[in-house]
$ cat data-v3.cif   # mmCIF, C-alpha atoms
data_structure
loop_
_atom_site.group_PDB
_atom_site.id
_atom_site.type_symbol
_atom_site.label_atom_id
_atom_site.label_comp_id
_atom_site.auth_asym_id
_atom_site.auth_seq_id
_atom_site.Cartn_x
_atom_site.Cartn_y
_atom_site.Cartn_z
ATOM 1 C CA MET A 1 0.000 0.000 0.000
ATOM 2 C CA GLU A 2 1.523 3.336 -1.112
ATOM 3 C CA LEU A 3 2.059 6.071 1.465
ATOM 4 C CA PHE A 4 -0.450 8.934 1.752
ATOM 5 C CA THR A 5 -2.851 7.555 -0.833
ATOM 6 C CA ALA A 6 -6.605 7.437 -0.216
ATOM 7 C CA PRO A 7 -6.528 3.722 0.792
ATOM 8 C CA TRP A 8 -3.584 4.455 3.143
ATOM 9 C CA TRP A 9 -5.432 7.300 4.890
ATOM 10 C CA SER A 10 -8.588 5.207 5.053
ATOM 11 C CA ALA A 11 -6.698 2.340 6.715
ATOM 12 C CA LEU A 12 -5.019 4.751 9.152
ATOM 13 C CA LEU A 13 -8.401 6.223 10.143
ATOM 14 C CA ALA A 14 -9.725 2.700 10.768
ATOM 15 C CA ILE A 15 -6.692 1.924 12.957
ATOM 16 C CA ILE A 16 -7.177 5.126 14.988
ATOM 17 C CA LEU A 17 -10.831 4.240 15.589
ATOM 18 C CA ILE A 18 -9.843 0.715 16.647
ATOM 19 C CA ASP A 19 -7.279 2.142 19.087
ATOM 20 C CA LEU A 20 -9.795 4.594 20.543
ATOM 21 C CA VAL A 21 -12.359 1.852 21.113
ATOM 22 C CA LEU A 22 -10.112 -0.966 22.316
ATOM 23 C CA ALA A 23 -7.405 0.990 24.152
ATOM 24 C CA GLY A 24 -10.059 2.168 26.603
ATOM 25 C CA ASP A 25 -10.172 -1.338 28.105
ATOM 26 C CA ASN A 26 -6.417 -1.270 28.631
ATOM 27 C CA ALA A 27 -6.550 2.169 30.245
ATOM 28 C CA ILE A 28 -9.177 0.905 32.707
ATOM 29 C CA LEU A 29 -7.108 -2.191 33.445
ATOM 30 C CA ILE A 30 -3.924 -0.227 34.167
ATOM 31 C CA ALA A 31 -5.790 2.252 36.377
ATOM 32 C CA LEU A 32 -7.420 -0.508 38.440
ATOM 33 C CA ALA A 33 -4.156 -2.418 38.825
ATOM 34 C CA ALA A 34 -2.332 0.718 40.032
ATOM 35 C CA ARG A 35 -5.048 2.167 42.249
ATOM 36 C CA ASN A 36 -3.627 0.883 45.573
ATOM 37 C CA LEU A 37 -0.118 2.218 44.975
ATOM 38 C CA PRO A 38 1.222 5.476 46.441
ATOM 39 C CA PRO A 39 0.833 8.435 44.001
ATOM 40 C CA ALA A 40 4.481 8.385 42.887
ATOM 41 C CA LEU A 41 4.356 4.658 42.142
ATOM 42 C CA GLN A 42 1.000 5.046 40.394
ATOM 43 C CA ARG A 43 2.587 7.296 37.761
ATOM 44 C CA LYS A 44 5.527 4.910 37.475
ATOM 45 C CA ALA A 45 3.234 1.897 37.093
ATOM 46 C CA ILE A 46 1.158 3.648 34.421
ATOM 47 C CA PHE A 47 4.276 4.546 32.417
ATOM 48 C CA TRP A 48 6.118 1.230 32.669
ATOM 49 C CA GLY A 49 2.905 -0.766 32.457
ATOM 50 C CA THR A 50 2.136 0.958 29.178
ATOM 51 C CA VAL A 51 5.686 0.349 27.924
ATOM 52 C CA GLY A 52 5.423 -3.330 28.804
ATOM 53 C CA ALA A 53 2.000 -3.556 27.206
ATOM 54 C CA ILE A 54 3.249 -1.953 23.983
ATOM 55 C CA VAL A 55 6.257 -4.304 23.834
ATOM 56 C CA VAL A 56 4.009 -7.337 24.297
ATOM 57 C CA ARG A 57 1.543 -6.016 21.744
ATOM 58 C CA SER A 58 4.336 -5.306 19.245
ATOM 59 C CA LEU A 59 5.575 -8.893 19.492
ATOM 60 C CA MET A 60 2.010 -10.156 19.113
ATOM 61 C CA THR A 61 1.498 -7.945 16.060
ATOM 62 C CA LEU A 62 4.635 -9.291 14.397
ATOM 63 C CA GLY A 63 3.386 -12.824 14.996
ATOM 64 C CA VAL A 64 -0.272 -12.168 14.214
ATOM 65 C CA VAL A 65 -0.375 -14.683 11.344
ATOM 66 C CA TRP A 66 0.985 -17.368 13.664
ATOM 67 C CA LEU A 67 -1.406 -16.317 16.428
ATOM 68 C CA LEU A 68 -4.382 -16.783 14.132
ATOM 69 C CA GLN A 69 -3.450 -20.453 13.744
ATOM 70 C CA ILE A 70 -3.565 -21.219 17.491
ATOM 71 C CA PRO A 71 -6.835 -23.029 18.266
ATOM 72 C CA GLY A 72 -8.571 -21.887 21.430
ATOM 73 C CA LEU A 73 -6.560 -18.640 21.731
ATOM 74 C CA MET A 74 -9.601 -16.389 22.161
ATOM 75 C CA LEU A 75 -11.206 -18.838 24.607
ATOM 76 C CA VAL A 76 -8.123 -19.072 26.841
ATOM 77 C CA GLY A 77 -7.573 -15.320 26.640
ATOM 78 C CA GLY A 78 -11.180 -14.589 27.589
ATOM 79 C CA LEU A 79 -11.153 -16.967 30.564
ATOM 80 C CA GLY A 80 -7.840 -15.540 31.748
ATOM 81 C CA LEU A 81 -9.205 -12.025 31.512
ATOM 82 C CA LEU A 82 -12.247 -13.048 33.566
ATOM 83 C CA TRP A 83 -9.966 -14.214 36.366
ATOM 84 C CA ILE A 84 -8.009 -10.958 36.267
ATOM 85 C CA ALA A 85 -11.243 -8.902 36.395
ATOM 86 C CA TYR A 86 -12.298 -10.897 39.465
ATOM 87 C CA GLN A 87 -8.900 -10.433 41.125
ATOM 88 C CA LEU A 88 -8.919 -6.675 40.521
ATOM 89 C CA LEU A 89 -12.428 -6.391 41.915
ATOM 90 C CA SER A 90 -11.862 -8.512 45.010
ATOM 91 C CA GLU A 91 -8.395 -7.229 45.858
ATOM 92 C CA LYS A 92 -8.029 -5.937 49.392
ATOM 93 C CA THR A 93 -6.853 -2.364 49.793
ATOM 94 C CA ASP A 94 -3.608 -2.172 51.729
ATOM 95 C CA ASP A 95 -3.532 0.914 53.918
ATOM 96 C CA HIS A 96 0.223 0.562 54.283
ATOM 97 C CA ALA A 97 1.055 0.339 50.608
ATOM 98 C CA GLY A 98 3.769 2.920 50.955
ATOM 99 C CA ALA A 99 5.673 0.711 53.349
ATOM 100 C CA SER A 100 6.260 -1.958 50.733
ATOM 101 C CA GLY A 101 6.027 -0.043 47.499
ATOM 102 C CA PRO A 102 8.302 -2.153 45.284
ATOM 103 C CA THR A 103 6.386 -5.365 46.055
ATOM 104 C CA HIS A 104 3.065 -3.764 45.188
ATOM 105 C CA PHE A 105 4.593 -2.029 42.170
ATOM 106 C CA TRP A 106 5.848 -5.262 40.614
ATOM 107 C CA GLY A 107 2.588 -6.978 41.469
ATOM 108 C CA ALA A 108 0.719 -4.236 39.574
ATOM 109 C CA MET A 109 3.179 -4.486 36.684
ATOM 110 C CA LYS A 110 2.681 -8.250 36.417
ATOM 111 C CA THR A 111 -1.097 -7.830 36.356
ATOM 112 C CA ILE A 112 -0.899 -5.085 33.715
ATOM 113 C CA VAL A 113 1.429 -6.914 31.321
ATOM 114 C CA VAL A 114 -0.246 -10.336 31.621
ATOM 115 C CA ALA A 115 -3.744 -8.907 31.280
ATOM 116 C CA ASP A 116 -2.764 -6.720 28.336
ATOM 117 C CA ALA A 117 -1.316 -9.755 26.587
ATOM 118 C CA LEU A 118 -4.726 -11.409 26.968
ATOM 119 C CA MET A 119 -6.732 -8.313 26.065
ATOM 120 C CA GLY A 120 -4.412 -7.277 23.255
ATOM 121 C CA VAL A 121 -5.521 -10.126 21.004
ATOM 122 C CA ASP A 122 -8.568 -8.287 19.679
ATOM 123 C CA ASN A 123 -6.599 -5.043 19.272
ATOM 124 C CA VAL A 124 -3.760 -6.764 17.425
ATOM 125 C CA LEU A 125 -6.114 -8.616 15.112
ATOM 126 C CA GLY A 126 -8.092 -5.441 14.449
ATOM 127 C CA VAL A 127 -5.056 -3.297 13.693
ATOM 128 C CA ALA A 128 -3.376 -5.984 11.567
ATOM 129 C CA GLY A 129 -6.584 -6.500 9.600
ATOM 130 C CA ALA A 130 -7.110 -2.779 9.014
ATOM 131 C CA ALA A 131 -3.475 -2.333 7.945
ATOM 132 C CA HIS A 132 -3.801 -5.009 5.212
ATOM 133 C CA GLY A 133 -0.211 -6.118 5.764
ATOM 134 C CA ALA A 134 1.311 -2.608 5.665
ATOM 135 C CA MET A 135 3.891 -2.596 8.469
ATOM 136 C CA ASP A 136 4.172 1.209 8.467
ATOM 137 C CA LEU A 137 0.480 1.388 9.403
ATOM 138 C CA VAL A 138 0.913 -1.311 12.053
ATOM 139 C CA VAL A 139 3.746 0.677 13.649
ATOM 140 C CA LEU A 140 1.702 3.886 13.487
ATOM 141 C CA GLY A 141 -1.199 2.092 15.137
ATOM 142 C CA LEU A 142 1.035 1.001 18.023
ATOM 143 C CA LEU A 143 2.460 4.526 18.443
ATOM 144 C CA ILE A 144 -1.020 6.071 18.433
ATOM 145 C CA SER A 145 -2.213 3.673 21.131
ATOM 146 C CA VAL A 146 0.522 4.817 23.574
ATOM 147 C CA PRO A 147 -0.830 8.301 24.447
ATOM 148 C CA ILE A 148 -4.400 6.961 24.477
ATOM 149 C CA VAL A 149 -3.515 4.357 27.105
ATOM 150 C CA VAL A 150 -1.246 6.650 29.174
ATOM 151 C CA PHE A 151 -3.628 9.608 29.399
ATOM 152 C CA GLY A 152 -6.661 7.357 29.626
ATOM 153 C CA SER A 153 -5.153 5.482 32.585
ATOM 154 C CA ALA A 154 -4.317 8.688 34.438
ATOM 155 C CA LEU A 155 -7.857 10.008 33.875
ATOM 156 C CA VAL A 156 -9.518 6.774 35.025
ATOM 157 C CA LEU A 157 -7.266 6.690 38.112
ATOM 158 C CA ARG A 158 -8.376 10.192 39.139
ATOM 159 C CA LEU A 159 -12.012 9.253 38.604
ATOM 160 C CA VAL A 160 -11.591 6.064 40.682
ATOM 161 C CA GLU A 161 -10.187 8.086 43.580
ATOM 162 C CA ARG A 162 -13.237 10.361 43.455
ATOM 163 C CA TRP A 163 -15.911 7.762 42.650
ATOM 164 C CA PRO A 164 -14.890 4.242 43.822
ATOM 165 C CA VAL A 165 -17.951 2.753 42.079
ATOM 166 C CA ILE A 166 -15.927 3.075 38.862
ATOM 167 C CA ILE A 167 -13.974 0.034 40.065
ATOM 168 C CA GLN A 168 -17.119 -2.058 39.581
ATOM 169 C CA LEU A 169 -17.796 -0.410 36.227
ATOM 170 C CA GLY A 170 -14.230 -1.127 35.132
ATOM 171 C CA ALA A 171 -14.500 -4.770 36.153
ATOM 172 C CA ALA A 172 -17.767 -4.961 34.188
ATOM 173 C CA VAL A 173 -15.974 -3.622 31.085
ATOM 174 C CA LEU A 174 -13.237 -6.239 31.465
ATOM 175 C CA ALA A 175 -15.849 -8.976 31.947
ATOM 176 C CA PHE A 176 -17.700 -7.805 28.819
ATOM 177 C CA THR A 177 -14.419 -7.873 26.853
ATOM 178 C CA ALA A 178 -13.758 -11.404 28.113
ATOM 179 C CA ALA A 179 -17.235 -12.566 27.091
ATOM 180 C CA LYS A 180 -16.744 -11.057 23.640
ATOM 181 C CA MET A 181 -13.435 -12.916 23.236
ATOM 182 C CA VAL A 182 -14.961 -16.249 24.278
ATOM 183 C CA LEU A 183 -17.951 -15.768 21.956
ATOM 184 C CA GLY A 184 -15.532 -14.986 19.127
ATOM 185 C CA GLU A 185 -13.636 -18.275 19.559
ATOM 186 C CA PRO A 186 -13.851 -20.266 16.279
ATOM 187 C CA LEU A 187 -13.822 -23.579 18.182
ATOM 188 C CA LEU A 188 -17.167 -22.646 19.739
ATOM 189 C CA ALA A 189 -18.801 -21.469 16.509
ATOM 190 C CA ASP A 190 -20.700 -24.702 15.813
ATOM 191 C CA LEU A 191 -21.859 -24.974 19.430
ATOM 192 C CA LEU A 192 -23.112 -21.378 19.500
ATOM 193 C CA GLU A 193 -24.890 -21.779 16.161
ATOM 194 C CA SER A 194 -26.749 -24.824 17.506
ATOM 195 C CA ILE A 195 -28.371 -22.752 20.265
ATOM 196 C CA PRO A 196 -31.896 -21.738 19.122
ATOM 197 C CA LEU A 197 -31.514 -18.041 19.836
ATOM 198 C CA PRO A 198 -30.755 -15.062 17.586
ATOM 199 C CA THR A 199 -27.056 -14.211 17.692
ATOM 200 C CA GLY A 200 -27.673 -10.786 19.202
ATOM 201 C CA TRP A 201 -29.808 -12.219 21.990
ATOM 202 C CA LEU A 202 -27.316 -14.984 22.729
ATOM 203 C CA HIS A 203 -24.381 -12.589 22.930
ATOM 204 C CA GLY A 204 -26.368 -10.196 25.110
ATOM 205 C CA ILE A 205 -27.432 -12.942 27.530
ATOM 206 C CA VAL A 206 -23.920 -14.418 27.810
ATOM 207 C CA SER A 207 -22.329 -10.989 28.285
ATOM 208 C CA THR A 208 -24.885 -9.979 30.938
ATOM 209 C CA LEU A 209 -24.464 -13.249 32.865
ATOM 210 C CA THR A 210 -20.679 -12.966 32.678
ATOM 211 C CA ILE A 211 -20.704 -9.428 34.073
ATOM 212 C CA ALA A 212 -23.145 -10.438 36.834
ATOM 213 C CA VAL A 213 -21.061 -13.460 37.879
ATOM 214 C CA VAL A 214 -17.821 -11.456 38.044
ATOM 215 C CA LEU A 215 -19.404 -8.607 40.022
ATOM 216 C CA LEU A 216 -21.133 -10.973 42.457
ATOM 217 C CA ALA A 217 -17.989 -13.086 42.920
ATOM 218 C CA GLY A 218 -15.898 -9.975 43.513
ATOM 219 C CA TRP A 219 -18.439 -8.618 46.012
ATOM 220 C CA TRP A 220 -18.541 -11.941 47.875
ATOM 221 C CA ARG A 221 -14.724 -12.152 48.035
ATOM 222 C CA ALA A 222 -14.427 -8.539 49.211
ATOM 223 C CA ARG A 223 -17.103 -9.171 51.860
ATOM 224 C CA ARG A 224 -15.252 -12.250 53.124
ATOM 225 C CA ASN A 225 -12.040 -10.239 53.311
ATOM 226 C CA SER A 226 -13.841 -7.507 55.263
ATOM 227 C CA ILE A 227 -15.330 -10.017 57.736
ATOM 228 C CA SER A 228 -11.935 -11.688 58.118
ATOM 229 C CA ASP A 229 -10.279 -8.354 58.905
ATOM 230 C CA THR A 230 -13.024 -7.515 61.428
ATOM 231 C CA ASP A 231 -12.680 -10.855 63.216
ATOM 232 C CA SER A 232 -8.878 -10.688 63.340
ATOM 233 C CA PRO A 233 -7.584 -9.926 66.856
ATOM 234 C CA THR A 234 -5.894 -6.539 67.138
ATOM 235 C CA PRO A 235 -2.303 -6.986 68.337
ATOM 236 C CA SER A 236 -1.694 -5.429 71.729
ATOM 237 C CA VAL A 237 0.855 -2.681 72.074
ATOM 238 C CA GLN A 238 3.207 -3.046 75.016
ATOM 239 C CA THR A 239 4.709 0.001 76.616
#
$ encode --input "data-v3.cif" --output "structure tokens"
Amino acid sequence: MELFTAPWWSALLAIILIDLVLAGDNAILIALAARNLPPALQRKAIFWGTVGAIVVRSLMTLGVVWLLQIPGLMLVGGLGLLWIAYQLLSEKTDDHAGASGPTHFWGAMKTIVVADALMGVDNVLGVAGAAHGAMDLVVLGLLISVPIVVFGSALVLRLVERWPVIIQLGAAVLAFTAAKMVLGEPLLADLLESIPLPTGWLHGIVSTLTIAVVLLAGWWRARRNSISDTDSPTPSVQT
């Protein structure tokens, strides 16, 4: 594809739209994973988490043809993302995060990079498909996604601090993304087609149930953690 021709600009516009739509999930993920860190480490986690995510996504983009041949990739990725959404939702807040910053920082980094590798499948496939094999457009798509994720993560993090209910909304978005990945798994195509429901209804029901299960499981885990903390004996202070 020749540079700066009408097809080239059309493909670039499609890639930008894909990044705007799909990078939002990654921004939410990074913000939720970094929310319990001290402010200085939050900025560090957002930056390095984004760098790690872009590196992983770049490698996935280069191997997109090979990735398409892996059976069950979307299914495994979707199930893995469901677990991460549950973990982010049910994670206990550590009031002494500043005392052990590096441990929490690397824990957040691990969550960000692993989850982005799972979530990045749909983004990589979308960008590679829109680029029609033009590597210059693939590279541009990756570069464009960087500021979207960085600034989006910082914005979501500020909103979470002001309105904690966004944590539940973010987990719902991740659960919806996971359901979409599972429903898009080619191995399940015949099974899904055999269900006597219109495709739109089936996808809506599965997505709604998935979101409900993740939110309820996260609430139950958080409640158990709260009860456990309440029942724990307070250590006595000797003078």
$ residues_around --input "data-v3.cif" --residues "Val150 of chain A" --least-positions-apart "2" --cutoff "8 Å" --atoms "only C-alpha atoms" --output "ChimeraX atom specification"
/A:27,46-47,50,146-148,152-154
$ residues_around --input "data-v3.cif" --residues "Val51 of chain A" --least-positions-apart "4" --cutoff "12 Å" --atoms "only C-alpha atoms" --output "list in words"
Ile30, Lys44, Ala45, Ile46, Phe47, Val55, Val56, Arg57, Ser58, Met109, Ile112, Val113, Asp116, Leu142, Leu143, Ser145, Val146, Pro147, Val149 and Val150 of chain A
$ closest_residue --input "data-v3.cif" --among "A:Leu75, A:Ala117, A:Ala33, A:Ala222" --to "Glu185 of chain A" --atoms "only C-alpha atoms"
A:Leu75
$ residues_around --input "data-v3.cif" --residues "Leu183 of chain A" --least-positions-apart "4" --cutoff "10 Å" --atoms "all atoms listed in the file" --output "PyMOL selection string"
chain A and resi 74-75+78+177-179+187-189+192+202-203+206-207
$ atom_distance --input "data-v3.cif" --atom1 "atom CA of Met135 of chain A" --atom2 "atom CA of Val76 of chain A"
27.4 Å
$ atom_distance --input "data-v3.cif" --atom1 "atom CA of Ala212 of chain A" --atom2 "atom CA of Trp83 of chain A"
13.7 Å
$ closest_residue --input "data-v3.cif" --among "A:Leu41, A:Val139, A:Leu215, A:Val182" --to "Leu12 of chain A" --atoms "all atoms listed in the file"
A:Val139
$ residues_around --input "data-v3.cif" --residues "Leu174 of chain A" --least-positions-apart "5" --cutoff "10 Å" --atoms "all atoms listed in the file" --output "mmCIF file with C-alpha atoms, in the frame of the given file"
data_model
loop_
_atom_site.group_PDB
_atom_site.id
_atom_site.type_symbol
_atom_site.label_atom_id
_atom_site.label_comp_id
_atom_site.auth_asym_id
_atom_site.auth_seq_id
_atom_site.Cartn_x
_atom_site.Cartn_y
_atom_site.Cartn_z
ATOM 1 C CA ASP A 25 -10.172 -1.338 28.105
ATOM 2 C CA ASN A 26 -6.417 -1.270 28.631
ATOM 3 C CA ILE A 28 -9.177 0.905 32.707
ATOM 4 C CA LEU A 29 -7.108 -2.191 33.445
ATOM 5 C CA GLY A 78 -11.180 -14.589 27.589
ATOM 6 C CA LEU A 81 -9.205 -12.025 31.512
ATOM 7 C CA LEU A 82 -12.247 -13.048 33.566
ATOM 8 C CA TRP A 83 -9.966 -14.214 36.366
ATOM 9 C CA ILE A 84 -8.009 -10.958 36.267
ATOM 10 C CA ALA A 85 -11.243 -8.902 36.395
ATOM 11 C CA TYR A 86 -12.298 -10.897 39.465
ATOM 12 C CA ALA A 115 -3.744 -8.907 31.280
ATOM 13 C CA MET A 119 -6.732 -8.313 26.065
ATOM 14 C CA GLN A 168 -17.119 -2.058 39.581
ATOM 15 C CA LEU A 169 -17.796 -0.410 36.227
ATOM 16 C CA ALA A 179 -17.235 -12.566 27.091
ATOM 17 C CA LYS A 180 -16.744 -11.057 23.640
ATOM 18 C CA ILE A 211 -20.704 -9.428 34.073
ATOM 19 C CA VAL A 214 -17.821 -11.456 38.044
#
$ atom_distance --input "data-v3.cif" --atom1 "atom CA of Leu216 of chain A" --atom2 "atom CA of Ala175 of chain A"
11.9 Å
$ closest_residue --input "data-v3.cif" --among "A:Gly184, A:Ala217, A:Trp163, A:His104" --to "Pro71 of chain A" --atoms "all atoms listed in the file"
A:Gly184
$ decode --input "data-v3.cif" --residues "segment 145-175 of chain A" --atoms "N, CA and C atoms" --output "mmCIF file, in the first residue's frame"
data_model
loop_
_atom_site.group_PDB
_atom_site.id
_atom_site.type_symbol
_atom_site.label_atom_id
_atom_site.label_comp_id
_atom_site.auth_asym_id
_atom_site.auth_seq_id
_atom_site.Cartn_x
_atom_site.Cartn_y
_atom_site.Cartn_z
ATOM 1 N N SER A 145 -1.569 4.245 19.940
ATOM 2 C CA SER A 145 -2.213 3.673 21.131
ATOM 3 C C SER A 145 -1.515 4.078 22.430
ATOM 4 N N VAL A 146 -0.236 4.476 22.353
ATOM 5 C CA VAL A 146 0.522 4.817 23.574
ATOM 6 C C VAL A 146 -0.097 6.000 24.324
ATOM 7 N N PRO A 147 -0.244 7.180 23.689
ATOM 8 C CA PRO A 147 -0.830 8.301 24.447
ATOM 9 C C PRO A 147 -2.263 8.039 24.880
ATOM 10 N N ILE A 148 -3.021 7.274 24.089
ATOM 11 C CA ILE A 148 -4.400 6.961 24.477
ATOM 12 C C ILE A 148 -4.415 6.192 25.783
ATOM 13 N N VAL A 149 -3.549 5.186 25.895
ATOM 14 C CA VAL A 149 -3.515 4.357 27.105
ATOM 15 C C VAL A 149 -2.966 5.149 28.289
ATOM 16 N N VAL A 150 -1.875 5.907 28.073
ATOM 17 C CA VAL A 150 -1.246 6.650 29.174
ATOM 18 C C VAL A 150 -2.206 7.681 29.760
ATOM 19 N N PHE A 151 -2.736 8.555 28.908
ATOM 20 C CA PHE A 151 -3.628 9.608 29.399
ATOM 21 C C PHE A 151 -4.959 9.038 29.864
ATOM 22 N N GLY A 152 -5.420 7.994 29.195
ATOM 23 C CA GLY A 152 -6.661 7.357 29.626
ATOM 24 C C GLY A 152 -6.524 6.736 31.001
ATOM 25 N N SER A 153 -5.387 6.092 31.278
ATOM 26 C CA SER A 153 -5.153 5.482 32.585
ATOM 27 C C SER A 153 -5.114 6.526 33.686
ATOM 28 N N ALA A 154 -4.405 7.626 33.438
ATOM 29 C CA ALA A 154 -4.317 8.688 34.438
ATOM 30 C C ALA A 154 -5.696 9.279 34.729
ATOM 31 N N LEU A 155 -6.509 9.455 33.684
ATOM 32 C CA LEU A 155 -7.857 10.008 33.875
ATOM 33 C C LEU A 155 -8.729 9.047 34.676
ATOM 34 N N VAL A 156 -8.707 7.761 34.309
ATOM 35 C CA VAL A 156 -9.518 6.774 35.025
ATOM 36 C C VAL A 156 -9.089 6.690 36.488
ATOM 37 N N LEU A 157 -7.772 6.765 36.741
ATOM 38 C CA LEU A 157 -7.266 6.690 38.112
ATOM 39 C C LEU A 157 -7.791 7.836 38.960
ATOM 40 N N ARG A 158 -7.830 9.041 38.402
ATOM 41 C CA ARG A 158 -8.376 10.192 39.139
ATOM 42 C C ARG A 158 -9.866 10.015 39.392
ATOM 43 N N LEU A 159 -10.577 9.476 38.431
ATOM 44 C CA LEU A 159 -12.012 9.253 38.604
ATOM 45 C C LEU A 159 -12.276 8.182 39.665
ATOM 46 N N VAL A 160 -11.433 7.130 39.686
ATOM 47 C CA VAL A 160 -11.591 6.064 40.682
ATOM 48 C C VAL A 160 -11.414 6.616 42.092
ATOM 49 N N GLU A 161 -10.423 7.505 42.261
ATOM 50 C CA GLU A 161 -10.187 8.086 43.580
ATOM 51 C C GLU A 161 -11.378 8.921 44.043
ATOM 52 N N ARG A 162 -12.097 9.517 43.100
ATOM 53 C CA ARG A 162 -13.237 10.361 43.455
ATOM 54 C C ARG A 162 -14.521 9.552 43.567
ATOM 55 N N TRP A 163 -14.702 8.590 42.657
ATOM 56 C CA TRP A 163 -15.911 7.762 42.650
ATOM 57 C C TRP A 163 -15.493 6.290 42.611
ATOM 58 N N PRO A 164 -15.343 5.646 43.779
ATOM 59 C CA PRO A 164 -14.890 4.242 43.822
ATOM 60 C C PRO A 164 -15.795 3.269 43.059
ATOM 61 N N VAL A 165 -17.058 3.646 42.810
ATOM 62 C CA VAL A 165 -17.951 2.753 42.079
ATOM 63 C C VAL A 165 -17.427 2.458 40.681
ATOM 64 N N ILE A 166 -16.508 3.298 40.188
ATOM 65 C CA ILE A 166 -15.927 3.075 38.862
ATOM 66 C C ILE A 166 -15.132 1.775 38.834
ATOM 67 N N ILE A 167 -14.679 1.315 40.008
ATOM 68 C CA ILE A 167 -13.974 0.034 40.065
ATOM 69 C C ILE A 167 -14.898 -1.075 39.565
ATOM 70 N N GLN A 168 -16.154 -1.055 40.030
ATOM 71 C CA GLN A 168 -17.119 -2.058 39.581
ATOM 72 C C GLN A 168 -17.426 -1.900 38.088
ATOM 73 N N LEU A 169 -17.538 -0.654 37.648
ATOM 74 C CA LEU A 169 -17.796 -0.410 36.227
ATOM 75 C C LEU A 169 -16.629 -0.902 35.372
ATOM 76 N N GLY A 170 -15.411 -0.665 35.854
ATOM 77 C CA GLY A 170 -14.230 -1.127 35.132
ATOM 78 C C GLY A 170 -14.174 -2.637 35.049
ATOM 79 N N ALA A 171 -14.481 -3.299 36.158
ATOM 80 C CA ALA A 171 -14.500 -4.770 36.153
ATOM 81 C C ALA A 171 -15.572 -5.280 35.192
ATOM 82 N N ALA A 172 -16.706 -4.577 35.116
ATOM 83 C CA ALA A 172 -17.767 -4.961 34.188
ATOM 84 C C ALA A 172 -17.288 -4.848 32.736
ATOM 85 N N VAL A 173 -16.519 -3.794 32.442
ATOM 86 C CA VAL A 173 -15.974 -3.622 31.085
ATOM 87 C C VAL A 173 -15.029 -4.772 30.750
ATOM 88 N N LEU A 174 -14.163 -5.133 31.700
ATOM 89 C CA LEU A 174 -13.237 -6.239 31.465
ATOM 90 C C LEU A 174 -13.994 -7.549 31.279
ATOM 91 N N ALA A 175 -15.047 -7.759 32.084
ATOM 92 C CA ALA A 175 -15.849 -8.976 31.947
ATOM 93 C C ALA A 175 -16.550 -9.020 30.585
#
